[in-house]
file work-v9.csv (CSV, C-alpha atoms)
chain,number,residue,atom,x,y,z
A,1,MET,CA,215.4,-30.6,105.5
A,2,ALA,CA,215.3,-31.6,102.0
A,3,LYS,CA,212.2,-30.6,100.3
A,4,ILE,CA,211.1,-32.5,97.4
A,5,ARG,CA,209.5,-30.2,94.8
A,6,ARG,CA,208.2,-32.3,92.2
A,7,ASN,CA,205.1,-30.4,91.3
A,8,GLU,CA,206.7,-27.1,90.9
A,9,LYS,CA,207.8,-26.3,87.4
A,10,ARG,CA,211.5,-25.7,87.0
A,11,GLU,CA,212.1,-22.3,85.5
A,12,MET,CA,215.2,-21.1,83.8
A,13,PRO,CA,216.6,-18.1,85.6
A,14,ALA,CA,216.4,-15.0,83.5
A,15,LEU,CA,219.7,-14.3,81.7
A,16,ASN,CA,221.4,-11.2,83.1
A,17,THR,CA,221.8,-8.9,80.1
A,18,SER,CA,222.7,-5.8,82.0
A,19,SER,CA,226.2,-5.8,80.6
A,20,LEU,CA,225.1,-6.1,77.0
A,21,PRO,CA,224.8,-2.3,76.5
A,22,ASP,CA,228.3,-1.9,77.8
A,23,ILE,CA,229.6,-4.3,75.3
A,24,ILE,CA,227.8,-2.7,72.4
A,25,PHE,CA,228.9,0.7,73.5
A,26,MET,CA,232.5,-0.6,73.5
A,27,LEU,CA,232.0,-1.8,69.9
A,28,LEU,CA,230.4,1.5,69.0
A,29,PHE,CA,233.4,3.5,70.3
A,30,PHE,CA,235.8,1.2,68.6
A,31,PHE,CA,234.1,1.9,65.3
A,32,MET,CA,233.8,5.6,65.9
A,33,THR,CA,237.6,5.8,66.5
A,34,VAL,CA,238.8,3.7,63.6
A,35,THR,CA,236.5,4.9,60.9
A,36,SER,CA,236.0,8.3,59.4
A,37,MET,CA,232.9,10.0,58.3
A,38,LYS,CA,232.3,9.9,54.6
A,39,GLU,CA,233.2,13.4,53.2
A,40,VAL,CA,230.6,13.5,50.5
A,41,SER,CA,228.5,11.1,48.6
A,42,TYR,CA,230.3,10.2,45.4
A,43,LYS,CA,228.7,11.1,42.1
A,44,VAL,CA,231.5,9.7,40.2
A,45,THR,CA,232.9,6.1,40.3
A,46,ILE,CA,236.4,6.0,41.6
A,47,HIS,CA,238.6,2.9,41.6
A,48,ASN,CA,241.6,3.9,43.5
A,49,PRO,CA,244.9,3.6,41.9
A,50,GLN,CA,247.6,1.7,43.7
A,51,ALA,CA,251.1,2.7,44.9
A,52,THR,CA,253.6,1.7,47.5
A,53,GLU,CA,255.2,4.9,48.8
A,54,LEU,CA,252.2,6.3,50.5
A,55,THR,CA,252.0,8.9,53.2
A,56,LYS,CA,249.0,9.3,55.4
A,57,LEU,CA,247.1,12.6,55.4
A,58,GLU,CA,247.1,13.3,59.1
A,59,GLN,CA,245.2,16.5,59.6
A,60,LYS,CA,241.8,16.2,58.1
A,61,SER,CA,241.0,19.9,58.5
A,62,LEU,CA,243.8,20.8,56.1
A,63,VAL,CA,242.7,18.5,53.3
A,64,ARG,CA,240.4,19.4,50.5
A,65,TYR,CA,239.3,16.8,47.9
A,66,ILE,CA,238.9,16.8,44.2
A,67,TYR,CA,237.1,13.8,42.8
A,68,VAL,CA,237.7,12.7,39.2
A,69,GLY,CA,235.9,9.8,37.5
A,70,THR,CA,233.0,8.8,35.3
A,71,PRO,CA,229.5,9.7,36.6
A,72,THR,CA,227.7,7.0,38.4
A,73,GLU,CA,224.8,5.1,36.8
A,74,GLU,CA,222.1,7.5,37.9
A,75,PHE,CA,223.9,10.6,36.5
A,76,ARG,CA,224.9,8.9,33.2
A,77,LYS,CA,221.9,10.2,31.4
A,78,GLN,CA,222.4,13.7,32.4
A,79,TYR,CA,226.1,14.0,32.3
A,80,GLY,CA,227.2,11.3,29.9
A,81,ALA,CA,230.0,8.8,30.4
A,82,GLU,CA,232.9,11.1,30.0
A,83,THR,CA,235.3,11.8,32.9
A,84,ARG,CA,233.9,14.5,35.2
A,85,ILE,CA,235.2,16.4,38.2
A,86,GLN,CA,233.3,16.6,41.4
A,87,LEU,CA,233.9,19.3,44.0
A,88,ASP,CA,232.1,18.8,47.3
A,89,ASP,CA,228.6,17.6,46.3
A,90,ALA,CA,228.4,18.8,42.8
A,91,PHE,CA,229.9,18.3,39.4
A,92,ALA,CA,232.2,21.0,38.3
A,93,GLU,CA,234.3,22.2,35.4
A,94,VAL,CA,238.0,22.6,35.5
A,95,GLY,CA,237.6,26.3,35.5
A,96,GLU,CA,235.8,26.2,38.8
A,97,ILE,CA,238.6,24.6,40.7
A,98,GLU,CA,240.6,27.7,41.1
A,99,ASN,CA,237.7,29.6,42.7
A,100,TYR,CA,236.8,26.7,44.8
A,101,ILE,CA,240.3,26.3,46.2
A,102,VAL,CA,240.6,30.0,46.9
A,103,ASN,CA,237.3,30.1,48.7
A,104,GLU,CA,238.1,27.1,50.7
A,105,ARG,CA,241.4,28.5,51.7
A,106,SER,CA,240.0,31.8,52.8
A,107,ALA,CA,237.6,30.0,55.0
A,108,MET,CA,240.4,28.3,56.8
A,109,ALA,CA,242.2,29.6,59.9
A,110,GLU,CA,244.9,32.0,58.8
A,111,SER,CA,247.7,29.9,60.3
A,112,ASP,CA,246.5,26.9,58.3
A,113,GLN,CA,246.2,28.5,55.0
A,114,GLY,CA,249.7,27.8,53.9
A,115,ARG,CA,249.5,24.2,54.9
A,116,MET,CA,246.4,23.3,52.8
A,117,ILE,CA,246.7,20.0,51.0
A,118,VAL,CA,244.6,19.1,48.0
A,119,SER,CA,244.0,15.4,47.6
A,120,ILE,CA,243.2,14.3,44.1
A,121,LYS,CA,241.0,11.3,44.2
A,122,ALA,CA,240.9,10.1,40.6
A,123,ASP,CA,239.9,6.9,39.0
A,124,LYS,CA,242.9,4.8,37.9
A,125,ASP,CA,241.7,4.8,34.3
A,126,THR,CA,241.5,8.6,34.0
A,127,ARG,CA,243.4,10.2,31.1
A,128,MET,CA,246.2,12.4,32.2
A,129,GLY,CA,244.9,15.3,30.2
A,130,VAL,CA,242.3,15.9,32.8
A,131,ILE,CA,244.7,15.5,35.6
A,132,SER,CA,247.2,17.9,34.0
A,133,ASP,CA,244.4,20.5,33.7
A,134,ILE,CA,243.6,20.1,37.4
A,135,LYS,CA,247.3,20.4,38.3
A,136,GLN,CA,247.6,23.6,36.3
A,137,ALA,CA,244.5,25.0,38.0
A,138,LEU,CA,245.9,24.1,41.4
A,139,ARG,CA,249.2,25.8,40.5
A,140,ARG,CA,247.3,29.0,39.5
A,141,ALA,CA,245.5,28.9,42.8
A,142,TYR,CA,248.8,28.4,44.6
A,143,ALA,CA,247.6,25.1,46.1
A,144,LEU,CA,251.0,23.5,45.7
A,145,ARG,CA,250.8,20.7,48.2
A,146,ILE,CA,249.0,17.9,46.6
A,147,SER,CA,248.5,14.3,47.3
A,148,TYR,CA,247.5,11.6,44.7
A,149,SER,CA,245.1,9.4,46.6
A,150,ALA,CA,246.0,5.8,46.3
A,151,THR,CA,245.8,2.5,48.1
A,152,GLN,CA,248.6,0.3,49.2
A,153,ARG,CA,249.8,-2.1,46.5
A,154,THR,CA,250.7,-5.5,47.6
A,155,SER,CA,252.3,-6.9,44.4
A,156,TYR,CA,252.9,-6.0,40.9
B,1,MET,CA,212.0,2.8,106.3
B,2,ALA,CA,213.1,4.4,103.1
B,3,LYS,CA,210.9,3.9,100.1
B,4,LYS,CA,212.4,1.4,97.7
B,5,VAL,CA,212.9,2.8,94.3
B,6,PRO,CA,211.8,0.3,91.6
B,7,GLN,CA,214.7,-0.8,89.4
B,8,ILE,CA,214.8,0.9,86.0
B,9,ASN,CA,214.3,-1.5,83.2
B,10,ALA,CA,217.5,-1.3,81.2
B,11,SER,CA,216.8,-4.0,78.7
B,12,SER,CA,216.2,-1.6,75.9
B,13,MET,CA,219.5,0.1,76.4
B,14,ALA,CA,221.1,-2.7,74.3
B,15,ASP,CA,218.7,-1.9,71.5
B,16,ILE,CA,219.5,1.8,71.6
B,17,SER,CA,223.2,1.2,71.5
B,18,PHE,CA,222.8,-1.3,68.7
B,19,LEU,CA,221.0,1.3,66.7
B,20,LEU,CA,223.7,3.8,67.3
B,21,LEU,CA,226.3,1.2,66.3
B,22,ILE,CA,224.6,0.4,63.1
B,23,PHE,CA,224.1,4.1,62.3
B,24,PHE,CA,227.9,4.6,62.6
B,25,LEU,CA,228.7,1.6,60.6
B,26,VAL,CA,226.6,2.9,57.8
B,27,THR,CA,227.7,6.5,57.7
B,28,THR,CA,231.4,6.0,58.1
B,29,SER,CA,233.9,4.4,55.8
B,30,MET,CA,237.0,2.5,56.6
B,31,ASP,CA,239.2,3.9,53.9
B,32,VAL,CA,242.2,5.7,55.2
B,33,ASN,CA,243.3,8.8,53.4
B,34,SER,CA,246.7,8.0,52.1
B,35,GLY,CA,248.3,9.0,49.0
B,36,LEU,CA,251.4,10.0,47.2
B,37,SER,CA,252.4,13.4,48.4
B,38,ARG,CA,253.9,15.7,45.8
B,39,ARG,CA,254.7,19.4,45.5
B,40,LEU,CA,253.8,21.4,42.5
B,41,PRO,CA,256.0,24.1,41.2
B,42,ALA,CA,254.8,27.7,41.6
B,43,PRO,CA,252.9,29.1,38.7
B,44,VAL,CA,254.8,30.8,35.9
B,45,PRO,CA,253.7,34.5,35.6
B,46,PRO,CA,251.9,35.0,32.3
B,47,ASP,CA,254.2,37.7,31.1
B,48,GLN,CA,257.3,35.6,31.7
B,49,LYS,CA,258.5,33.4,28.9
B,50,VAL,CA,259.0,29.8,29.7
B,51,ASP,CA,262.8,29.7,29.7
B,52,ASP,CA,264.4,27.0,27.8
B,53,MET,CA,265.9,24.5,30.2
B,54,LYS,CA,269.5,25.5,30.8
B,55,ILE,CA,270.3,22.2,32.4
B,56,ASN,CA,273.4,20.3,31.5
B,57,LYS,CA,272.4,17.3,29.6
B,58,ARG,CA,274.1,14.8,31.9
B,59,ASN,CA,272.1,16.2,34.8
B,60,LEU,CA,268.8,15.4,33.2
B,61,PHE,CA,266.9,12.2,33.5
B,62,ILE,CA,263.9,12.1,31.2
B,63,VAL,CA,261.0,9.7,31.6
B,64,LYS,CA,258.4,9.8,29.0
B,65,ILE,CA,255.1,8.0,29.1
B,66,ASN,CA,253.2,7.7,25.9
B,67,SER,CA,249.5,7.1,25.3
B,68,ALA,CA,249.9,3.4,25.4
B,69,ASN,CA,251.5,3.7,28.8
B,70,GLN,CA,255.0,2.7,27.5
B,71,LEU,CA,258.0,4.2,29.1
B,72,LEU,CA,260.9,5.8,27.3
B,73,VAL,CA,263.7,6.4,29.8
B,74,GLN,CA,266.7,8.3,28.6
B,75,GLY,CA,265.8,7.4,25.0
B,76,GLN,CA,265.4,3.7,25.8
B,77,GLU,CA,262.3,1.7,26.2
B,78,MET,CA,262.0,0.3,29.7
B,79,ASP,CA,259.8,-1.7,31.9
B,80,ILE,CA,258.4,0.0,35.0
B,81,ARG,CA,260.2,-2.6,37.2
B,82,GLN,CA,263.6,-1.4,36.0
B,83,LEU,CA,262.9,2.2,36.5
B,84,LYS,CA,263.7,2.4,40.2
B,85,GLU,CA,267.2,0.9,39.8
B,86,LYS,CA,267.9,3.1,36.9
B,87,ALA,CA,266.8,6.2,38.8
B,88,LYS,CA,268.8,5.3,41.8
B,89,GLU,CA,271.9,4.8,39.7
B,90,PHE,CA,271.3,8.2,38.1
B,91,ILE,CA,270.7,10.0,41.4
B,92,ALA,CA,273.6,8.6,43.3
B,93,ASN,CA,276.2,8.3,40.5
B,94,GLU,CA,278.5,6.4,42.8
B,95,ASN,CA,281.2,5.7,40.3
B,96,ASP,CA,281.4,9.3,39.0
B,97,ASP,CA,280.3,8.2,35.5
B,98,PRO,CA,280.8,11.1,33.0
B,99,TYR,CA,277.3,10.3,31.6
B,100,LEU,CA,275.6,10.6,34.9
B,101,PRO,CA,275.0,13.8,36.9
B,102,VAL,CA,277.9,15.9,38.2
B,103,VAL,CA,279.0,14.8,41.6
B,104,PHE,CA,279.9,17.5,44.2
B,105,THR,CA,281.9,16.9,47.3
B,106,GLU,CA,280.8,19.1,50.1
B,107,VAL,CA,281.1,19.4,53.8
B,108,ILE,CA,277.7,19.6,55.4
B,109,PRO,CA,277.7,20.4,59.1
B,110,GLY,CA,276.4,17.3,60.9
B,111,LEU,CA,277.3,14.9,58.2
B,112,GLY,CA,280.9,15.6,57.3
B,113,GLU,CA,282.1,15.2,53.8
B,114,VAL,CA,279.4,14.1,51.4
B,115,ARG,CA,279.4,13.3,47.7
B,116,TYR,CA,276.2,14.0,46.0
B,117,THR,CA,274.6,15.2,42.8
B,118,LYS,CA,272.9,18.3,43.8
B,119,ASP,CA,272.0,19.5,40.3
B,120,HIS,CA,270.3,16.5,38.9
B,121,VAL,CA,266.7,16.8,37.6
B,122,ILE,CA,264.3,14.1,36.9
B,123,SER,CA,261.8,15.2,34.3
B,124,VAL,CA,258.5,13.3,33.9
B,125,GLN,CA,256.6,13.9,30.6
B,126,ASN,CA,253.3,12.4,29.9
B,127,ASP,CA,250.9,12.3,27.0
B,128,VAL,CA,247.3,13.6,27.3
B,129,ASP,CA,246.1,10.1,26.8
B,130,THR,CA,248.4,8.4,29.4
B,131,GLN,CA,246.5,6.4,32.0
B,132,TYR,CA,246.5,7.9,35.5
B,133,GLN,CA,247.6,4.6,37.0
B,134,ALA,CA,250.6,4.5,34.7
B,135,TYR,CA,251.6,8.0,35.6
B,136,LEU,CA,251.3,7.2,39.3
B,137,ASN,CA,253.4,4.1,38.9
B,138,VAL,CA,256.2,6.2,37.5
B,139,GLN,CA,255.9,8.8,40.2
B,140,ASN,CA,255.8,6.0,42.8
B,141,GLU,CA,259.0,4.3,41.5
B,142,LEU,CA,260.8,7.6,41.5
B,143,VAL,CA,259.8,8.4,45.0
B,144,ALA,CA,260.7,4.9,46.0
B,145,ALA,CA,264.2,5.4,44.5
B,146,TYR,CA,264.7,8.5,46.7
B,147,ASN,CA,263.3,6.7,49.7
B,148,GLU,CA,265.7,3.8,49.2
B,149,LEU,CA,268.7,6.1,48.8
B,150,ARG,CA,267.8,8.0,51.9
B,151,GLU,CA,267.4,4.7,53.8
B,152,GLU,CA,270.8,3.4,52.6
B,153,PHE,CA,272.5,6.7,53.4
B,154,SER,CA,271.0,6.8,56.8
B,155,GLN,CA,272.1,3.3,57.5
B,156,ARG,CA,275.6,4.1,56.4
B,157,LYS,CA,276.0,7.3,58.3
B,158,PHE,CA,273.9,6.8,61.4
B,159,HIS,CA,273.4,3.0,61.5
B,160,LYS,CA,269.8,3.6,61.9
B,161,SER,CA,266.7,3.5,59.8
B,162,TYR,CA,265.7,6.8,58.2
B,163,ALA,CA,262.3,6.6,59.9
B,164,ASP,CA,264.0,6.4,63.3
B,165,LEU,CA,266.2,9.4,62.8
B,166,ASP,CA,265.3,12.6,64.6
B,167,GLU,CA,263.8,15.5,62.6
B,168,ASP,CA,267.1,17.4,62.2
B,169,ARG,CA,268.9,14.5,60.9
B,170,GLN,CA,266.1,13.6,58.5
B,171,LYS,CA,266.4,17.1,57.2
B,172,LEU,CA,270.1,16.6,56.5
B,173,VAL,CA,269.5,13.4,54.7
B,174,GLN,CA,266.7,15.1,52.7
B,175,LYS,CA,269.2,17.8,51.7
B,176,VAL,CA,271.6,15.2,50.3
B,177,TYR,CA,268.9,13.3,48.4
B,178,SER,CA,266.4,16.1,47.8
B,179,GLN,CA,263.5,15.1,45.5
B,180,ARG,CA,264.0,16.9,42.3
B,181,ILE,CA,261.2,15.6,40.1
B,182,SER,CA,260.1,18.2,37.6
B,183,GLU,CA,256.9,17.9,35.8
B,184,ALA,CA,257.0,19.5,32.4
B,185,GLU,CA,254.5,22.1,31.4
B,186,PRO,CA,251.8,20.0,29.6
B,187,LYS,CA,252.5,19.6,26.0
B,188,ASN,CA,250.8,17.7,23.3
B,189,TYR,CA,253.1,15.1,21.9
B,190,GLY,CA,252.7,13.6,18.5
B,191,GLY,CA,249.7,15.6,17.3
B,192,ASN,CA,246.0,15.2,18.0

call {"tool": "encode", "arguments": {"input": "work-v9.csv", "output": "structure tokens"}}
result
Amino acid sequence: MAKIRRNEKREMPALNTSSLPDIIFMLLFFFMTVTSMKEVSYKVTIHNPQATELTKLEQKSLVRYIYVGTPTEEFRKQYGAETRIQLDDAFAEVGEIENYIVNERSAMAESDQGRMIVSIKADKDTRMGVISDIKQALRRAYALRISYSATQRTSY
Amino acid sequence: MAKKVPQINASSMADISFLLLIFFLVTTSMDVNSGLSRRLPAPVPPDQKVDDMKINKRNLFIVKINSANQLLVQGQEMDIRQLKEKAKEFIANENDDPYLPVVFTEVIPGLGEVRYTKDHVISVQNDVDTQYQAYLNVQNELVAAYNELREEFSQRKFHKSYADLDEDRQKLVQKVYSQRISEAEPKNYGGN
């Protein structure tokens, strides 16, 4: 029997949102897999140089970073605008690199020690004098596998 | 009759996962760690004198970069775009040019008879004031020259791309075109 409900208010059925968390979780996992944690907070500004013959650094645990660039705005006053080196979370002098590398290497598993890679993340306008000093320090520390961090160049 | 369990309200689940998502978006970075891989030479012991290069002049390919980022390749000014071709010509020396490196003919197991210049050295010299990007450009072009030669060689010998070869064969190709880029001990060119 057809019942005529004219007086009853028509209500929208509640939208079923039970699958929403699943969708968001999927997004979350996607981002977790494709991105990487920031290693440190930069105290120097680095505009990556560009190159074409790049190789990816596969094993994160083998890689140690040296950051080279001019101090960011907030550190300008204290450290000036000259190119500085950052190791982990602090500014450092060239002379400290050798110790840093040796310490980091001795903290690694013994089987990995010979495979350590040092990635030099330097601003593209850095003068080569600084880079040469770093390279000499790395040679003295026997960290001979290095990688000049760069981004893919698309055109000249 | 079993007691009916009231349904758990899961509407806040979405909010929680959103929070997590945003947290990860903020703390992670997309940048992939890629770079130009190089190998530094072992340090020279302090008591040892830096021996003068006893390299035959024809085996040496000198690239100098000055403080204004200009290139001097084998005594000639050059644009960065020509460097790769020039380097390839030097490394391969296909026509056995007496001004280019000495070509050796050797039988390598797995490859047969190969002609290659095993004693060539590419020397990169830069000024203290050279811009990092300019230096990297030069390194990049030189590595590109090697990569292209390896690719061509692998196509010729195995009819396959170098990247598709198995590891042993890649090693063989690397042996023929081994990267011999030397970086001079830092010097101060032209005063100050």

call {"tool": "residues_around", "arguments": {"input": "work-v9.csv", "residues": "B:Lys171", "least_positions_apart": "4", "cutoff": "12 Å", "atoms": "all atoms listed in the file", "output": "list in words"}}
result
Ile108, Pro109, Gly110, Leu111, Arg150, Ser154, Tyr162, Ala163, Leu165, Asp166, Glu167, Lys175, Val176, Tyr177 and Ser178 of chain B

call {"tool": "closest_atom_pairs", "arguments": {"input": "work-v9.csv", "of": "chain A", "to": "chain B", "cutoff": "6 Å", "atoms": "all atoms listed in the file", "output": "JSON lines"}}
result
{"residue": "A:Leu20", "atom": "CA", "partner": "B:Ala14", "partner_atom": "CA", "distance": 5.9}
{"residue": "A:Pro21", "atom": "CA", "partner": "B:Ala14", "partner_atom": "CA", "distance": 4.3}
{"residue": "A:Leu28", "atom": "CA", "partner": "B:Leu21", "partner_atom": "CA", "distance": 4.9}
{"residue": "A:Thr35", "atom": "CA", "partner": "B:Met30", "partner_atom": "CA", "distance": 4.9}
{"residue": "A:Ser36", "atom": "CA", "partner": "B:Thr28", "partner_atom": "CA", "distance": 5.3}
{"residue": "A:Met37", "atom": "CA", "partner": "B:Thr28", "partner_atom": "CA", "distance": 4.3}
{"residue": "A:Lys38", "atom": "CA", "partner": "B:Thr28", "partner_atom": "CA", "distance": 5.3}
{"residue": "A:Pro49", "atom": "CA", "partner": "B:Gln133", "partner_atom": "CA", "distance": 5.7}
{"residue": "A:Leu54", "atom": "CA", "partner": "B:Gly35", "partner_atom": "CA", "distance": 5.0}
{"residue": "A:Thr55", "atom": "CA", "partner": "B:Ser34", "partner_atom": "CA", "distance": 5.5}
{"residue": "A:Lys56", "atom": "CA", "partner": "B:Ser34", "partner_atom": "CA", "distance": 4.2}
{"residue": "A:Leu57", "atom": "CA", "partner": "B:Ser34", "partner_atom": "CA", "distance": 5.7}
{"residue": "A:Lys124", "atom": "CA", "partner": "B:Gln133", "partner_atom": "CA", "distance": 4.8}
{"residue": "A:Asp125", "atom": "CA", "partner": "B:Gln131", "partner_atom": "CA", "distance": 5.6}
{"residue": "A:Thr126", "atom": "CA", "partner": "B:Tyr132", "partner_atom": "CA", "distance": 5.3}
{"residue": "A:Arg127", "atom": "CA", "partner": "B:Gln131", "partner_atom": "CA", "distance": 5.0}
{"residue": "A:Met128", "atom": "CA", "partner": "B:Val128", "partner_atom": "CA", "distance": 5.2}
{"residue": "A:Gly129", "atom": "CA", "partner": "B:Val128", "partner_atom": "CA", "distance": 4.1}
{"residue": "A:Arg139", "atom": "CA", "partner": "B:Pro43", "partner_atom": "CA", "distance": 5.3}
{"residue": "A:Arg140", "atom": "CA", "partner": "B:Pro43", "partner_atom": "CA", "distance": 5.7}
{"residue": "A:Leu144", "atom": "CA", "partner": "B:Leu40", "partner_atom": "CA", "distance": 4.7}
{"residue": "A:Arg145", "atom": "CA", "partner": "B:Arg39", "partner_atom": "CA", "distance": 4.9}
{"residue": "A:Ile146", "atom": "CA", "partner": "B:Arg38", "partner_atom": "CA", "distance": 5.4}
{"residue": "A:Ser147", "atom": "CA", "partner": "B:Ser37", "partner_atom": "CA", "distance": 4.2}
{"residue": "A:Tyr148", "atom": "CA", "partner": "B:Leu36", "partner_atom": "CA", "distance": 4.9}
{"residue": "A:Ser149", "atom": "CA", "partner": "B:Gly35", "partner_atom": "CA", "distance": 4.0}
{"residue": "A:Ala150", "atom": "CA", "partner": "B:Gly35", "partner_atom": "CA", "distance": 4.8}

call {"tool": "atom_distance", "arguments": {"input": "work-v9.csv", "atom1": "atom CA of A:Ile120", "atom2": "atom CA of A:Asn103"}}
result
17.5 Å

call {"tool": "closest_residue", "arguments": {"input": "work-v9.csv", "among": "B:Tyr146, B:Leu60, B:Lys88, B:Asn69", "to": "A:Glu53", "atoms": "all atoms listed in the file"}}
result
B:Tyr146

call {"tool": "residues_near_point", "arguments": {"input": "work-v9.csv", "point": "(261.2, 17.0, 41.9)", "cutoff": "8 Å", "atoms": "all atoms listed in the file", "output": "JSON, numbers by chain"}}
result
{"B": [39, 121, 122, 123, 178, 179, 180, 181, 182, 183]}

call {"tool": "write_last_selection", "arguments": {"input": "work-v9.csv", "atoms": "C-alpha atoms", "output": "mmCIF file, in the frame of the given file"}}
result
data_model
loop_
_atom_site.group_PDB
_atom_site.id
_atom_site.type_symbol
_atom_site.label_atom_id
_atom_site.label_comp_id
_atom_site.auth_asym_id
_atom_site.auth_seq_id
_atom_site.Cartn_x
_atom_site.Cartn_y
_atom_site.Cartn_z
ATOM 1 C CA ARG B 39 254.700 19.400 45.500
ATOM 2 C CA VAL B 121 266.700 16.800 37.600
ATOM 3 C CA ILE B 122 264.300 14.100 36.900
ATOM 4 C CA SER B 123 261.800 15.200 34.300
ATOM 5 C CA SER B 178 266.400 16.100 47.800
ATOM 6 C CA GLN B 179 263.500 15.100 45.500
ATOM 7 C CA ARG B 180 264.000 16.900 42.300
ATOM 8 C CA ILE B 181 261.200 15.600 40.100
ATOM 9 C CA SER B 182 260.100 18.200 37.600
ATOM 10 C CA GLU B 183 256.900 17.900 35.800
#

call {"tool": "residues_around", "arguments": {"input": "work-v9.csv", "residues": "stretch 75-90 of chain A", "least_positions_apart": "2", "cutoff": "12 Å", "atoms": "all atoms listed in the file", "output": "PyMOL selection string"}}
result
chain A and resi 38-46+64-73+92-101+104+118-131+133-134

call {"tool": "atom_distance", "arguments": {"input": "work-v9.csv", "atom1": "atom CA of A:Val34", "atom2": "atom CA of A:Arg115"}}
result
24.7 Å

call {"tool": "atom_distance", "arguments": {"input": "work-v9.csv", "atom1": "atom CA of A:Lys135", "atom2": "atom CA of B:Ala68"}}
result
21.5 Å

call {"tool": "residues_around", "arguments": {"input": "work-v9.csv", "residues": "A:Met108", "least_positions_apart": "6", "cutoff": "10 Å", "atoms": "all atoms listed in the file", "output": "PyMOL selection string"}}
result
chain A and resi 61-62+114+116

call {"tool": "residues_around", "arguments": {"input": "work-v9.csv", "residues": "B:Val107", "least_positions_apart": "4", "cutoff": "12 Å", "atoms": "all atoms listed in the file", "output": "list in words"}}
result
Leu111, Gly112, Glu113, Val114, Arg115, Tyr116, Leu172 and Val176 of chain B

call {"tool": "write_last_selection", "arguments": {"input": "work-v9.csv", "atoms": "C-alpha atoms", "output": "compact mmCIF listing (two decimals), in the frame of the given file"}}
result
# COMPACT_ATOMS: atom_id res chain seq x y z
CA LEU B 111 277.30 14.90 58.20
CA GLY B 112 280.90 15.60 57.30
CA GLU B 113 282.10 15.20 53.80
CA VAL B 114 279.40 14.10 51.40
CA ARG B 115 279.40 13.30 47.70
CA TYR B 116 276.20 14.00 46.00
CA LEU B 172 270.10 16.60 56.50
CA VAL B 176 271.60 15.20 50.30

call {"tool": "build_atoms", "arguments": {"input": "work-v9.csv", "residues": "stretch 148-158 of chain B", "atoms": "N, CA, C and O atoms", "output": "CSV table (one decimal), in the coordinates of the input"}}
result
chain,number,residue,atom,x,y,z
B,148,GLU,N,264.7,4.8,49.0
B,148,GLU,CA,265.7,3.8,49.2
B,148,GLU,C,267.1,4.4,49.4
B,148,GLU,O,267.8,3.9,50.3
B,149,LEU,N,267.4,5.4,48.6
B,149,LEU,CA,268.7,6.1,48.8
B,149,LEU,C,268.8,6.7,50.1
B,149,LEU,O,269.9,6.6,50.8
B,150,ARG,N,267.8,7.3,50.6
B,150,ARG,CA,267.8,8.0,51.9
B,150,ARG,C,268.0,6.9,53.0
B,150,ARG,O,268.8,7.1,53.9
B,151,GLU,N,267.3,5.8,52.8
B,151,GLU,CA,267.4,4.7,53.8
B,151,GLU,C,268.8,4.2,53.8
B,151,GLU,O,269.4,4.1,54.9
B,152,GLU,N,269.4,3.9,52.7
B,152,GLU,CA,270.8,3.4,52.6
B,152,GLU,C,271.8,4.4,53.2
B,152,GLU,O,272.7,4.0,53.9
B,153,PHE,N,271.6,5.7,52.9
B,153,PHE,CA,272.5,6.7,53.4
B,153,PHE,C,272.4,6.8,54.9
B,153,PHE,O,273.4,6.9,55.6
B,154,SER,N,271.2,6.7,55.4
B,154,SER,CA,271.0,6.8,56.8
B,154,SER,C,271.6,5.6,57.6
B,154,SER,O,272.2,5.7,58.6
B,155,GLN,N,271.5,4.4,56.9
B,155,GLN,CA,272.1,3.3,57.5
B,155,GLN,C,273.6,3.4,57.6
B,155,GLN,O,274.3,3.0,58.5
B,156,ARG,N,274.2,4.0,56.5
B,156,ARG,CA,275.6,4.1,56.4
B,156,ARG,C,276.1,5.1,57.4
B,156,ARG,O,277.1,4.8,58.1
B,157,LYS,N,275.5,6.2,57.5
B,157,LYS,CA,276.0,7.3,58.3
B,157,LYS,C,275.6,7.1,59.8
B,157,LYS,O,276.5,7.4,60.7
B,158,PHE,N,274.4,6.8,60.0
B,158,PHE,CA,273.9,6.8,61.4
B,158,PHE,C,273.7,5.4,62.0
B,158,PHE,O,273.3,5.2,63.1
